[in-house]
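Inspection log for the structure reproduced underneath, given as structure tokens.
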Amino acid sequence: MSFRFEDAESLRDGLQQVDYLSDEGIAGVVYLADRLQKPVLVEGPAGTGKTQLAKSVAEVLRTRLIRLQCYEGLDEAKALYEWNYKKQLLRIQSDRSDEHDWAGVSEDVFSEDFLLTRPLLEAISAADPVVLLIDEVDRVEVETEALLLEILSDYQVSIPELGTIEAKQIPLVFLTSNNTRELSEALKRRCLYLHVDYPDLEREKEIVLTKVPGITENLADQVARVVRSIRQIDLKKAPSVSETIDWAKTLVLLGVEKIEEQTATDTLNILLKYQSDIRKAAKELATADGVSV
């Protein structure tokens with residue numbers, strides 16, 4: 001059996017080369033997931049790099065990323081497979097004139113030529129190794145979660161008309177969750193668990209330096225400190241890492257070298273997405289005990 005990564009350290013180095021700054025914990029869990037052939041359940045606040053982790057791992061491996069975006073109402077037809085009914089109907093109509101018996105026609109129209117593969121079936125039927133991202137799994141209903149559990153337990157799909165389709169390779173699977181609801185114990189048992197939180201001060205500074213061309217180390221440090229302080233406020237939605245990067249890019253475009261109170265206040269709409277949060281942060285910036293800039 002061949003494995004994707006030599007060790008956790010080489011994976012961490014590979015992620016850094018594609019600008020994903022991983023710590024030892026993240027790299028270690030992904031490395032073990034490959035060795036144990038288990039999915040990784042990645043939980044944490046929105047905007048902390050959970051989805052980007054799967055994308056970056058696929059980039060490191062130079063392999064295809066197959067993504068299933070979860071949402072309320074997602075069903076088997078959108079997640080697993082469905083039949084191409086229009087194509088089937090055309091085939092039936094074309095065979096009608098040739099007086100083919102129904103047994104022969106049905107065997108033909110329920111073949112793989114008429115099957116529309118969706119992300120889950122596509123991932124396990126792929127000939128080459130792939131990375132499967134099941135994004136925001138906490139948004140689906142319990143019934144769909146049970147379907148995911150079935151697929152991820154045996155890496156095979158049972159299609160009544162075709163039989164059982166077994167995986168040609170075991171994909172590296174990432175499930176992300178923003179904790180909008182509690183996932184089942186059965187699904188959690190099947191996965192390795194990884195919690196990705198907001199980065200610490202030094203790591204966020206390093207991320208900004210990596211992702212924002214032309215920014216100085218001093219400004220990157222200021223950005224990381226201000227964002228860290230704002231996250232301490234009771235907000236409806238704390239700034240994500242991607243919003244930190246957008247704010248840093250904005251400050252560079254404005255030619256800012258030192259973040260003053262007025263500059264921070266005027267650009268809060270880049271960091272925060274609710275007016276109530278902007279008002280709270282502005283108030284903190286205006287007080288002596290508020291955000292230090």
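We label chains A, B, ... in the order they appear in the structure tokens, count residues from 1 in each chain, and number ligands from 1 in the order shown.
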For this session: Per DSSP on the backbone, filter stretch 57-237 of chain A down to the residues in helix (DSSP H, G or I) and report them as an NGL selection string.
Result: :A and (57-61 or 76-79 or 85-96 or 102-109 or 112-114 or 119-125 or 137-139 or 142-154 or 185-190 or 201-211 or 217-230)
Within 8 Å of stretch 154-163 of chain A, which residues of stretch 21-134 of chain A come that close, and what is the closest atom pair and distance in Å for each? Count only C-alpha atoms and give it as a Markdown table.
| residue | atom | partner | partner_atom | distance |
| --- | --- | --- | --- | --- |
| A:Phe110 | CA | A:Glu161 | CA | 6.2 |
| A:Ser111 | CA | A:Leu162 | CA | 6.9 |
| A:Glu112 | CA | A:Leu162 | CA | 7.9 |
| A:Leu121 | CA | A:Val157 | CA | 7.2 |
| A:Ile124 | CA | A:Tyr155 | CA | 6.5 |
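The coordinates place atom CA of A:Ala238 at 28.1 Å from atom CA of A:Gln17.
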Problem set entry | Near-A:Val130 list (10 Å; only C-alpha atoms; drop same-chain fewer than 2 positions) as a list in words | Ala58, Leu61, Arg62, Thr63, Arg64, Leu65, Ile66, Glu122, Ala123, Ile124, Ala126, Ala127, Asp128, Leu132, Leu133, Gln169, Ile170, Pro171, Leu172 and Val173 of chain A
Could you please take those selected residues and save C-alpha atoms as a JSON list (two decimals), in the first residue's frame?
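Output below, filename selection.json:
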[["chain", "number", "residue", "atom", "x", "y", "z"],
["A", 58, "ALA", "CA", -4.85, 18.71, -2.94],
["A", 61, "LEU", "CA", -0.47, 16.30, -3.84],
["A", 62, "ARG", "CA", -1.11, 17.78, -7.29],
["A", 63, "THR", "CA", -4.33, 15.85, -7.40],
["A", 64, "ARG", "CA", -7.96, 16.64, -8.13],
["A", 65, "LEU", "CA", -10.16, 18.17, -5.45],
["A", 66, "ILE", "CA", -13.79, 17.00, -5.55],
["A", 122, "GLU", "CA", -17.24, 10.51, -8.44],
["A", 123, "ALA", "CA", -14.69, 10.49, -5.61],
["A", 124, "ILE", "CA", -14.81, 6.75, -4.92],
["A", 126, "ALA", "CA", -12.06, 7.87, -9.65],
["A", 127, "ALA", "CA", -9.13, 5.81, -10.91],
["A", 128, "ASP", "CA", -6.50, 8.20, -9.57],
["A", 132, "LEU", "CA", -12.82, 14.77, -1.31],
["A", 133, "LEU", "CA", -14.05, 17.88, 0.50],
["A", 169, "GLN", "CA", -8.90, 4.05, -4.41],
["A", 170, "ILE", "CA", -9.55, 5.47, -0.94],
["A", 171, "PRO", "CA", -9.86, 9.26, -1.28],
["A", 172, "LEU", "CA", -8.42, 11.56, 1.34],
["A", 173, "VAL", "CA", -11.59, 12.99, 2.86]]
Exercise. Excluding same-chain residues fewer than 5 positions from A:Val109, what lies within 10 Å of it counting only C-alpha atoms, as a VMD selection string?
Worked result: chain A and resid 83 to 85 87 to 92 104 114 to 115 161
Problem set entry | Non-local contacts of A:Tyr20 (8 Å; only C-alpha atoms; under 4 positions in same chain excluded) as number ranges by chain | A: 15-16, 52-53, 56
Exercise. How many Å separate atom CA of A:Gly47 from atom CA of A:Tyr198?
Worked result: 8.4 Å
For A:Lys50, find every residue with an atom within 7 Å (counting only C-alpha atoms), except residues of its own chain fewer than 5 positions away, and show them as a PDB file with N, CA, C and O atoms, in the first residue's frame.
ATOM      1  N   VAL A  42     -13.049  18.462  10.391  1.00  0.00           N
ATOM      2  CA  VAL A  42     -12.388  19.717  10.754  1.00  0.00           C
ATOM      3  C   VAL A  42     -13.440  20.698  11.250  1.00  0.00           C
ATOM      4  O   VAL A  42     -14.292  21.150  10.481  1.00  0.00           O
ATOM      5  N   THR A 176     -15.856  19.514   6.799  1.00  0.00           N
ATOM      6  CA  THR A 176     -15.744  20.732   7.599  1.00  0.00           C
ATOM      7  C   THR A 176     -17.075  21.041   8.271  1.00  0.00           C
ATOM      8  O   THR A 176     -18.144  20.718   7.743  1.00  0.00           O
ATOM      9  N   VAL A 196      -9.723  23.630  14.257  1.00  0.00           N
ATOM     10  CA  VAL A 196      -8.918  24.728  13.732  1.00  0.00           C
ATOM     11  C   VAL A 196      -9.496  26.034  14.265  1.00  0.00           C
ATOM     12  O   VAL A 196     -10.616  26.411  13.918  1.00  0.00           O
TER      13      VAL A 196
END
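Candidate residues A:Asp266, A:Glu76, A:Glu185, A:Asp221 were compared for distance to A:Thr250, and the nearest is A:Asp266, using only C-alpha atoms.
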Problem set entry | All residues 10 Å or closer to A:Thr210, only C-alpha atoms, same chain fewer than 5 positions away omitted, as a PyMOL selection string | chain A and resi 16+19-21+204-205+215+220+245
For this session: Could you jot down the atom CA of A:Ile207 to atom CA of A:Thr263 separation for me, Å, one decimal place?
Result: 21.8 Å
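Within stretch 130-165 of chain A, residues classed as strand (DSSP E) by DSSP on backbone coordinates are Val130, Val131, Leu132, Leu133, Ile134, Asp135, Gln156, Val157, Ser158, Ile159, Gly163, Thr164 and Ile165 of chain A.
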For the selection just defined, write its residues with C-alpha atoms to a file, as a PDB file, in the first residue's frame.
ATOM      1  CA  VAL A 130      -8.344  12.374  -5.155  1.00  0.00           C
ATOM      2  CA  VAL A 131      -9.122  14.666  -2.244  1.00  0.00           C
ATOM      3  CA  LEU A 132     -12.818  14.770  -1.308  1.00  0.00           C
ATOM      4  CA  LEU A 133     -14.051  17.878   0.501  1.00  0.00           C
ATOM      5  CA  ILE A 134     -17.474  17.637   2.164  1.00  0.00           C
ATOM      6  CA  ASP A 135     -17.911  21.272   3.082  1.00  0.00           C
ATOM      7  CA  GLN A 156     -18.703   1.734  -1.678  1.00  0.00           C
ATOM      8  CA  VAL A 157     -22.096   2.600  -3.148  1.00  0.00           C
ATOM      9  CA  SER A 158     -25.022   0.266  -3.741  1.00  0.00           C
ATOM     10  CA  ILE A 159     -27.058   1.160  -6.825  1.00  0.00           C
ATOM     11  CA  GLY A 163     -25.126  -3.472  -7.917  1.00  0.00           C
ATOM     12  CA  THR A 164     -22.317  -2.409  -5.600  1.00  0.00           C
ATOM     13  CA  ILE A 165     -19.639  -0.034  -6.857  1.00  0.00           C
TER      14      ILE A 165
END
